[in-house]
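Have a look at entry-v4.txt; it's compact mmCIF, C-alpha atoms and all ligand atoms:
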# COMPACT_ATOMS: atom_id res chain seq x y z
CA MET A 24 2.08 69.06 41.73
CA ASN A 25 2.11 66.52 38.90
CA ALA A 26 2.04 67.58 35.28
CA VAL A 27 1.75 63.97 34.14
CA ASP A 28 0.03 61.22 36.06
CA VAL A 29 -0.22 57.80 34.42
CA ARG A 30 -1.63 54.62 35.93
CA GLY A 31 -1.53 51.19 34.30
CA LEU A 32 -1.43 52.51 30.76
CA LYS A 33 -1.65 49.86 28.03
CA LYS A 34 -1.63 49.99 24.28
CA GLN A 35 -2.03 47.02 22.00
CA TYR A 36 -1.87 47.17 18.24
CA ARG A 37 -3.37 44.55 16.02
CA VAL A 38 -1.17 43.97 13.03
CA TYR A 39 -2.24 42.15 9.87
CA GLN A 40 -0.31 38.90 9.64
CA LYS A 41 0.34 38.06 6.01
CA LYS A 42 0.75 34.34 5.45
CA GLU A 43 3.42 32.88 3.21
CA GLY A 44 2.60 31.08 -0.03
CA LEU A 45 0.02 31.68 -2.77
CA LEU A 46 -2.71 29.46 -1.32
CA ALA A 47 -2.42 31.04 2.11
CA SER A 48 -2.44 34.52 0.55
CA VAL A 49 -5.68 33.74 -1.31
CA GLY A 50 -7.11 32.28 1.91
CA GLY A 51 -6.12 35.50 3.63
CA LEU A 52 -8.46 37.42 1.34
CA PHE A 53 -11.38 35.67 3.05
CA ARG A 54 -10.10 35.16 6.52
CA ARG A 55 -7.51 37.59 7.80
CA SER A 56 -5.22 36.89 10.72
CA TYR A 57 -3.92 39.49 13.06
CA ARG A 58 -1.10 39.51 15.56
CA THR A 59 -1.33 41.49 18.78
CA VAL A 60 1.60 43.73 19.60
CA ASN A 61 1.81 44.93 23.18
CA ALA A 62 3.49 48.25 22.52
CA VAL A 63 2.81 49.47 26.07
CA ARG A 64 2.07 46.70 28.57
CA GLU A 65 1.95 48.48 31.90
CA VAL A 66 3.15 52.01 32.36
CA SER A 67 2.63 53.97 35.56
CA LEU A 68 4.58 57.16 36.12
CA THR A 69 4.33 60.70 37.35
CA VAL A 70 6.22 63.79 36.27
CA GLU A 71 6.16 66.84 38.45
CA LYS A 72 5.57 70.30 37.06
CA GLY A 73 8.91 71.84 36.05
CA GLU A 74 10.76 68.51 35.92
CA LEU A 75 12.96 67.41 33.02
CA VAL A 76 12.84 63.65 32.83
CA ALA A 77 14.55 61.27 30.43
CA PHE A 78 12.44 58.45 29.04
CA LEU A 79 14.86 55.77 27.93
CA GLY A 80 14.53 52.43 26.25
CA PRO A 81 15.84 50.36 23.34
CA ASN A 82 14.20 50.35 19.91
CA GLY A 83 10.59 49.23 20.09
CA ALA A 84 10.39 49.63 23.89
CA GLY A 85 7.20 51.69 23.74
CA LYS A 86 8.55 55.23 24.21
CA THR A 87 6.95 56.83 21.17
CA THR A 88 3.69 55.01 21.80
CA THR A 89 3.64 56.36 25.37
CA LEU A 90 4.30 59.90 24.14
CA LYS A 91 1.55 59.54 21.53
CA LEU A 92 -0.84 58.41 24.28
CA LEU A 93 0.16 61.35 26.47
CA SER A 94 -0.46 63.73 23.57
CA GLY A 95 -3.86 62.23 22.83
CA LEU A 96 -2.85 61.15 19.33
CA ILE A 97 -3.98 57.59 20.05
CA TYR A 98 -6.37 55.89 22.47
CA PRO A 99 -5.09 53.46 25.08
CA THR A 100 -6.23 49.86 25.34
CA GLY A 101 -6.36 50.27 29.11
CA GLY A 102 -5.29 52.42 32.02
CA GLU A 103 -5.64 56.07 32.92
CA ALA A 104 -3.70 59.26 32.42
CA THR A 105 -4.04 62.91 33.22
CA VAL A 106 -1.72 65.40 31.59
CA LEU A 107 -1.90 68.96 32.92
CA GLY A 108 -5.19 67.91 34.46
CA HIS A 109 -6.68 66.73 31.14
CA VAL A 110 -7.38 63.25 29.85
CA PRO A 111 -5.24 63.50 26.71
CA TRP A 112 -7.33 61.33 24.37
CA LYS A 113 -10.34 63.58 24.91
CA ARG A 114 -8.35 65.99 22.74
CA GLU A 115 -9.77 69.11 24.32
CA VAL A 116 -8.69 72.34 22.61
CA ALA A 117 -7.64 73.76 25.99
CA PHE A 118 -5.28 70.82 26.42
CA ARG A 119 -3.77 71.13 22.97
CA ARG A 120 -2.82 74.71 23.69
CA ARG A 121 -0.81 73.67 26.73
CA PHE A 122 1.66 71.14 25.35
CA SER A 123 3.82 70.38 22.33
CA LEU A 124 5.12 67.15 20.90
CA VAL A 125 8.30 67.25 18.85
CA MET A 126 9.31 64.13 16.97
CA GLY A 127 12.86 64.20 15.65
CA GLN A 128 11.90 61.83 12.87
CA LYS A 129 8.83 63.75 11.70
CA ASN A 130 8.45 67.14 10.12
CA GLN A 131 5.80 69.56 11.15
CA LEU A 132 7.12 72.44 9.07
CA TRP A 133 6.07 72.96 5.45
CA TRP A 134 8.92 71.55 3.41
CA ASP A 135 8.77 73.97 0.46
CA LEU A 136 8.04 77.12 2.42
CA PRO A 137 10.26 79.19 4.67
CA ALA A 138 9.92 78.34 8.38
CA GLN A 139 8.40 81.78 9.04
CA GLU A 140 5.32 80.74 7.01
CA SER A 141 4.85 77.67 9.21
CA PHE A 142 5.32 79.90 12.26
CA ARG A 143 2.54 82.18 10.99
CA LEU A 144 0.29 79.19 10.55
CA HIS A 145 0.95 78.30 14.18
CA ARG A 146 0.12 81.86 15.17
CA GLU A 147 -3.32 81.41 13.56
CA ILE A 148 -3.91 77.91 14.94
CA TYR A 149 -3.01 78.89 18.49
CA ARG A 150 -4.39 82.43 18.18
CA ILE A 151 -1.17 83.96 19.46
CA PRO A 152 -1.45 87.78 19.68
CA THR A 153 0.78 89.35 16.99
CA GLN A 154 2.95 91.25 19.46
CA ASP A 155 3.62 88.13 21.54
CA PHE A 156 4.27 86.15 18.38
CA ASP A 157 6.82 88.64 17.01
CA ARG A 158 8.59 88.81 20.35
CA ARG A 159 8.76 85.04 20.68
CA VAL A 160 10.00 84.47 17.12
CA ASP A 161 12.66 87.09 17.74
CA GLU A 162 13.71 85.62 21.04
CA LEU A 163 13.71 81.96 19.98
CA THR A 164 15.45 82.49 16.63
CA ALA A 165 18.16 84.47 18.45
CA MET A 166 18.59 81.82 21.13
CA LEU A 167 18.82 79.04 18.58
CA GLU A 168 20.95 81.10 16.19
CA VAL A 169 18.73 80.73 13.13
CA ARG A 170 17.34 84.23 12.78
CA GLU A 171 18.76 84.80 9.31
CA LEU A 172 17.41 81.47 8.05
CA ILE A 173 13.69 81.84 8.72
CA GLY A 174 13.05 83.19 5.21
CA GLN A 175 14.72 80.23 3.50
CA PRO A 176 12.69 77.20 2.32
CA VAL A 177 12.88 74.48 4.94
CA ARG A 178 14.10 71.94 2.38
CA GLU A 179 17.27 74.00 1.94
CA LEU A 180 18.16 73.89 5.65
CA SER A 181 20.56 71.43 7.22
CA LEU A 182 19.09 68.80 9.53
CA GLY A 183 20.37 70.69 12.59
CA GLU A 184 18.90 73.99 11.41
CA ARG A 185 15.59 72.31 10.59
CA MET A 186 15.43 70.71 14.03
CA ARG A 187 15.98 74.09 15.65
CA MET A 188 13.12 75.51 13.55
CA GLU A 189 10.94 72.59 14.66
CA LEU A 190 11.66 73.48 18.28
CA ILE A 191 10.75 77.11 17.67
CA ALA A 192 7.45 76.09 16.06
CA ALA A 193 6.73 73.86 19.05
CA LEU A 194 7.44 76.63 21.57
CA LEU A 195 5.70 79.58 19.92
CA HIS A 196 2.50 79.11 21.90
CA SER A 197 4.45 78.83 25.18
CA PRO A 198 3.46 75.28 26.10
CA GLU A 199 3.78 74.17 29.72
CA LEU A 200 4.73 70.64 28.73
CA LEU A 201 7.16 69.60 26.03
CA LEU A 202 7.24 65.99 24.86
CA LEU A 203 10.47 65.47 22.95
CA ASP A 204 10.93 62.29 20.96
CA GLU A 205 14.56 62.01 19.84
CA PRO A 206 15.11 65.73 19.25
CA THR A 207 18.79 65.26 18.36
CA ILE A 208 18.52 62.19 16.17
CA GLY A 209 20.94 62.33 13.25
CA LEU A 210 22.42 65.68 14.29
CA ASP A 211 26.14 66.34 14.25
CA VAL A 212 27.87 66.90 17.58
CA ILE A 213 27.79 70.71 17.35
CA SER A 214 24.07 70.88 16.52
CA GLN A 215 23.37 68.33 19.24
CA ARG A 216 25.16 70.50 21.74
CA LYS A 217 23.31 73.62 20.59
CA VAL A 218 19.96 71.91 21.04
CA GLN A 219 21.03 70.59 24.46
CA GLU A 220 22.22 73.99 25.64
CA PHE A 221 19.07 75.66 24.43
CA LEU A 222 16.81 73.11 26.11
CA LYS A 223 18.71 73.34 29.36
CA HIS A 224 18.57 77.11 29.46
CA TYR A 225 14.98 77.42 28.26
CA GLN A 226 13.67 74.74 30.59
CA SER A 227 15.30 76.16 33.71
CA GLU A 228 14.20 79.69 32.86
CA ARG A 229 10.58 78.79 32.13
CA LYS A 230 10.22 75.88 34.53
CA LEU A 231 8.86 73.93 31.59
CA THR A 232 7.98 70.28 32.17
CA VAL A 233 9.88 68.08 29.71
CA LEU A 234 9.74 64.39 28.95
CA LEU A 235 12.62 63.52 26.65
CA THR A 236 13.40 60.35 24.77
CA SER A 237 16.87 60.01 23.33
CA HIS A 238 19.31 57.32 22.37
CA TYR A 239 22.15 59.75 23.00
CA MET A 240 23.26 59.42 26.59
CA LYS A 241 25.10 62.72 26.18
CA ASP A 242 21.70 64.44 25.91
CA VAL A 243 20.46 62.62 28.94
CA GLU A 244 23.51 63.31 31.08
CA ALA A 245 23.57 66.96 30.04
CA LEU A 246 19.89 67.60 30.70
CA CYS A 247 18.22 65.22 33.12
CA LYS A 248 18.62 64.22 36.72
CA ARG A 249 15.94 61.58 36.61
CA ALA A 250 15.38 58.78 34.12
CA ILE A 251 12.50 56.43 33.54
CA VAL A 252 13.64 53.30 31.75
CA ILE A 253 11.14 51.28 29.73
CA ASN A 254 11.68 47.97 28.00
CA LYS A 255 9.11 45.77 26.24
CA GLY A 256 6.38 48.16 27.30
CA VAL A 257 7.15 47.88 31.03
CA ILE A 258 8.89 50.39 33.32
CA LYS A 259 12.19 48.95 34.54
CA HIS A 260 13.61 51.84 36.51
CA ASP A 261 12.46 55.22 37.71
CA GLY A 262 14.87 57.37 39.69
CA PRO A 263 18.05 59.41 39.63
CA ILE A 264 20.28 58.81 36.61
CA ALA A 265 23.20 58.10 38.94
CA ASP A 266 21.22 55.22 40.43
CA ILE A 267 21.06 53.47 37.05
CA VAL A 268 24.82 53.03 37.10
CA ASP A 269 24.76 52.05 40.77
CA ARG A 270 21.93 49.61 40.41
CA PHE A 271 22.60 47.99 37.08
CA SER A 272 26.36 48.02 36.72
CA LYS A 273 28.14 45.19 38.42
CA HIS A 274 31.53 46.69 37.57
CA LYS A 275 33.72 49.71 38.12
CA VAL A 276 36.65 50.94 36.08
CA VAL A 277 39.99 51.04 37.92
CA GLU A 278 42.60 53.24 36.24
CA VAL A 279 46.18 52.84 37.40
CA LEU A 280 49.29 54.86 36.55
CA PHE A 281 52.27 52.61 37.27
CA GLY A 282 55.55 54.13 38.45
CA GLY A 283 57.63 50.98 37.82
CA PRO A 284 57.32 47.55 36.15
CA ILE A 285 53.74 46.54 35.31
CA PRO A 286 52.67 43.08 36.56
CA GLY A 287 52.06 40.75 33.62
CA ASP A 288 48.95 39.10 35.02
CA LEU A 289 46.59 42.08 35.34
CA SER A 290 43.77 40.21 33.60
CA ARG A 291 43.31 38.14 36.77
CA TYR A 292 41.68 41.25 38.33
CA GLY A 293 39.12 41.73 35.57
CA THR A 294 38.80 42.76 31.93
CA LEU A 295 41.68 44.84 30.60
CA LEU A 296 40.00 47.78 28.87
CA GLU A 297 43.07 49.74 27.91
CA ALA A 298 46.80 49.19 28.32
CA THR A 299 48.93 52.13 27.25
CA PRO A 300 51.91 51.83 29.64
CA PRO A 301 52.39 53.20 32.15
CA ARG A 302 48.57 53.67 32.25
CA VAL A 303 46.16 50.70 32.48
CA LYS A 304 42.36 50.52 32.76
CA ILE A 305 40.73 47.42 34.21
CA GLU A 306 37.04 46.65 34.58
CA VAL A 307 36.69 45.13 38.02
CA GLU A 308 33.70 43.63 39.83
CA ARG A 309 32.29 46.17 42.29
CA ALA A 310 32.73 43.90 45.26
CA ASP A 311 36.38 43.24 44.36
CA VAL A 312 37.60 46.83 43.99
CA ALA A 313 39.09 47.21 47.49
CA ARG A 314 40.84 43.83 47.33
CA VAL A 315 42.24 44.53 43.84
CA LEU A 316 43.58 47.94 44.89
CA SER A 317 45.31 46.65 48.01
CA ASP A 318 46.77 43.72 46.06
CA LEU A 319 48.13 46.05 43.36
CA LEU A 320 49.59 48.45 45.94
CA ASP A 321 51.41 45.49 47.53
CA ARG A 322 52.82 44.22 44.25
CA ALA A 323 53.73 47.30 42.23
CA GLN A 324 54.77 50.89 42.46
CA ILE A 325 51.74 53.02 41.70
CA ASP A 326 51.90 56.78 41.03
CA ASP A 327 48.19 57.41 40.69
CA VAL A 328 44.92 55.53 40.83
CA SER A 329 41.27 56.35 40.20
CA VAL A 330 38.09 54.31 40.45
CA ASN A 331 35.26 55.35 38.14
CA GLU A 332 31.76 54.27 37.30
CA ARG A 333 31.24 52.76 33.87
CA PRO A 334 29.83 55.16 31.29
CA LEU A 335 26.02 55.44 31.46
CA GLU A 336 25.87 54.52 27.78
CA ASP A 337 27.51 51.13 28.38
CA VAL A 338 25.35 50.36 31.39
CA ILE A 339 22.14 51.22 29.55
CA ALA A 340 23.17 49.14 26.52
CA GLU A 341 23.89 46.17 28.80
CA LEU A 342 20.64 46.65 30.66
CA PHE A 343 18.63 46.60 27.43
CA ALA A 344 20.49 43.62 26.04
CA SER A 345 19.74 41.56 29.13
CA ASP A 346 15.96 41.54 28.63
CA ASP A 347 15.00 39.54 25.58
CA ARG A 348 11.31 38.91 26.17
CA PRO A 349 9.48 39.57 22.88
CA ASN A 350 6.75 42.19 23.02
CA ASP A 351 4.56 40.48 20.47
CA ALA A 352 1.80 38.55 22.12
CA ALA A 353 2.09 35.02 20.81
CA ASP A 354 -1.59 34.87 20.00
CA VAL A 355 -2.49 35.27 16.37
CA LEU A 356 -6.08 36.30 16.39
CA PRO A 357 -8.43 35.75 13.44
CA SER A 358 -10.37 38.94 13.16
CA ASP A 359 -13.34 40.37 11.35
CA GLY A 360 -12.20 43.94 11.07
CA PRO A 361 -9.07 45.76 10.03
CA PRO A 362 -6.82 47.17 12.67
CA GLY A 363 -5.76 50.71 13.02
CA ALA A 364 -8.55 53.14 13.74
CA ASP A 365 -5.69 54.54 15.75
CA ASP A 366 -3.44 54.81 12.75
CA ALA A 367 -6.01 56.85 10.88
CA ARG A 368 -6.20 59.15 13.86
CA LEU A 369 -2.47 59.51 13.77
CA ALA A 370 -2.75 61.19 10.41
CA LEU A 371 -4.75 63.99 12.04
CA SER A 372 -2.73 66.98 12.91
CA ARG A 373 -2.00 67.34 16.59
CA ASP A 374 -1.99 71.04 16.20
CA GLY A 375 -5.46 71.55 14.82
N1 LIG B 401 0.94 51.87 14.51
C1 LIG B 401 1.49 50.72 14.91
N2 LIG B 401 0.97 49.55 14.51
C2 LIG B 401 1.51 48.37 14.92
N3 LIG B 401 2.55 48.25 15.76
C3 LIG B 401 3.12 49.40 16.20
C4 LIG B 401 2.62 50.68 15.80
N4 LIG B 401 3.38 51.64 16.41
C5 LIG B 401 4.31 50.98 17.14
N5 LIG B 401 4.16 49.63 17.02
C6 LIG B 401 4.97 48.60 17.67
O1 LIG B 401 4.93 48.86 19.07
C7 LIG B 401 6.20 48.63 19.68
C8 LIG B 401 6.66 49.90 20.39
O2 LIG B 401 6.93 50.89 19.40
P1 LIG B 401 7.41 52.36 19.77
O3 LIG B 401 7.48 53.14 18.50
O4 LIG B 401 6.56 52.91 20.86
O5 LIG B 401 8.88 52.10 20.34
P2 LIG B 401 10.04 53.10 20.72
O6 LIG B 401 10.45 52.77 22.10
O7 LIG B 401 9.64 54.50 20.45
O8 LIG B 401 11.18 52.66 19.71
P3 LIG B 401 12.31 53.53 18.92
O9 LIG B 401 13.35 53.88 19.93
O10 LIG B 401 12.81 52.55 17.90
O11 LIG B 401 11.63 54.71 18.31
C9 LIG B 401 7.12 48.19 18.54
O12 LIG B 401 7.16 46.77 18.56
C10 LIG B 401 6.42 48.69 17.29
O13 LIG B 401 6.71 47.86 16.18
Could you quickly redo this structure as structure tokens?
Ligand SMILES: Nc1ncnc2c1ncn2[C@@H]1O[C@H](COP(=O)(O)OP(=O)(O)OP(=O)(O)O)[C@@H](O)[C@H]1O
Amino acid sequence: MNAVDVRGLKKQYRVYQKKEGLLASVGGLFRRSYRTVNAVREVSLTVEKGELVAFLGPNGAGKTTTLKLLSGLIYPTGGEATVLGHVPWKREVAFRRRFSLVMGQKNQLWWDLPAQESFRLHREIYRIPTQDFDRRVDELTAMLEVRELIGQPVRELSLGERMRMELIAALLHSPELLLLDEPTIGLDVISQRKVQEFLKHYQSERKLTVLLTSHYMKDVEALCKRAIVINKGVIKHDGPIADIVDRFSKHKVVEVLFGGPIPGDLSRYGTLLEATPPRVKIEVERADVARVLSDLLDRAQIDDVSVNERPLEDVIAELFASDDRPNDAADVLPSDGPPGADDARLALSRDG
């Protein structure tokens, strides 16, 4: 059964286009021009209940906008979506009790108060019975190793500790769906790993549905089997993570441990990635791997050889770099009204 079902979702923003020069600026007071930004052009996807799916894309691809649409924070320009059986932008209370959105770049905890005060506020908002609340705070603070910090003002916590508190706040009401927008952004490696381990454990135990955006491929590899890749507001790939490397990487990495003299012309086989004799790494075209190996075996003494896929991170970076279509619609539309009824709505709390 699907937790998320999205068909042809679109979101355009109209952005005020300030003209250069004094005269044009004065003219702009009377006649404003707007530019249309296609943040989400065409998104169709489904996520099954209990799945943990990565939602990947370069900066400005439309990930956050999609998550905001799925949380009902903003209205779409077109298309349909049901999330846990609800149309998100109807903002039904019953829906809001069933999901959580965590944005790594935004705070939902009170900055000057200890996290436990924000947790209590959540208890009131979501009407969590006191016993359940106490048990969940206990359990989550223990799992995320922040129990002794919940009485300390949030502003005094490290970024990693704060992020873990954010996760606790998001999970107190036991949501069925967790939308995670860059939950490990800016965290050091140890905090990143703690968050990853927690999410992995918690998700598999609770069969929580998770849609995760992250620029850290380590998160993605550690947590997700499936990835949806978006670029310029359009879905580019939806399938197993392993398929991304298969489908988009034209190369493999051949690592050779030489047992004798190393041929001097290895670059004829591909790009030399590393040469620390007697070990050499060469990036070779997929179709050429067998030929290169047999040629090397003929010409040199080889003690060991391995053929590996390129790191997911490199493949994704290359995939994003290869699509340069701008996502601004070229049309600059004169308009009679200001944009951004949506933006005002964004200021509303999602938790209310
Ligand atoms: N409120 C807004 N008003 C105008 N344009 C917006 C607004 N929000 C997003 N955009 C534009 O929509 C496009 C998609 O933005 P979005 O934040 O969804 O991207 P993203 O994939 O989350 O990027 P990142 O990885 O950098 O967070 C960008 O070009 C962005 O500038």
Among A:Glu341, A:Glu228, A:Asp321, A:Glu205, ligand LIG 401 (chain B) is approached most closely, using only C-alpha atoms and all ligand atoms, by A:Glu205
Contacts of segment 110-113 of chain A at 12 Å (all atoms listed in the file; same-chain gap of 2+ positions) as a count of residues only | 35
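Between atom O8 of ligand LIG 401 (chain B) and atom CA of Asp261 of chain A there is a distance of 18.2 Å.
For the choices A:His196, A:His260, A:Lys255, A:Arg143, the atom-to-atom distance to ligand LIG 401 (chain B) is smallest for A:Lys255 when using all atoms listed in the file.
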Using only C-alpha atoms and all ligand atoms, what are the residues with an atom within 9 Å of ligand LIG 401 (chain B), set out as a PyMOL selection string?
-> chain A and resi 34-39+59-63+79-91+128+204-205+236-238+253-256+349-351+362-363+365-366+369
Figure out the distance between atom CA of Met24 of chain A and atom CA of Glu199 of chain A, please, to one decimal in Å.
-> 13.2 Å
Between A:Glu74, A:Leu235, A:Ala193, A:Arg185, which is the closest to Leu144 of chain A once you count all atoms listed in the file?
->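 Between A:Glu74, A:Leu235, A:Ala193, A:Arg185, the residue approaching Leu144 of chain A most closely is A:Ala193.
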Point-to-point distance from atom CA of Ser227 of chain A to atom CA of Leu190 of chain A, Å rounded to tenths = 16.1 Å
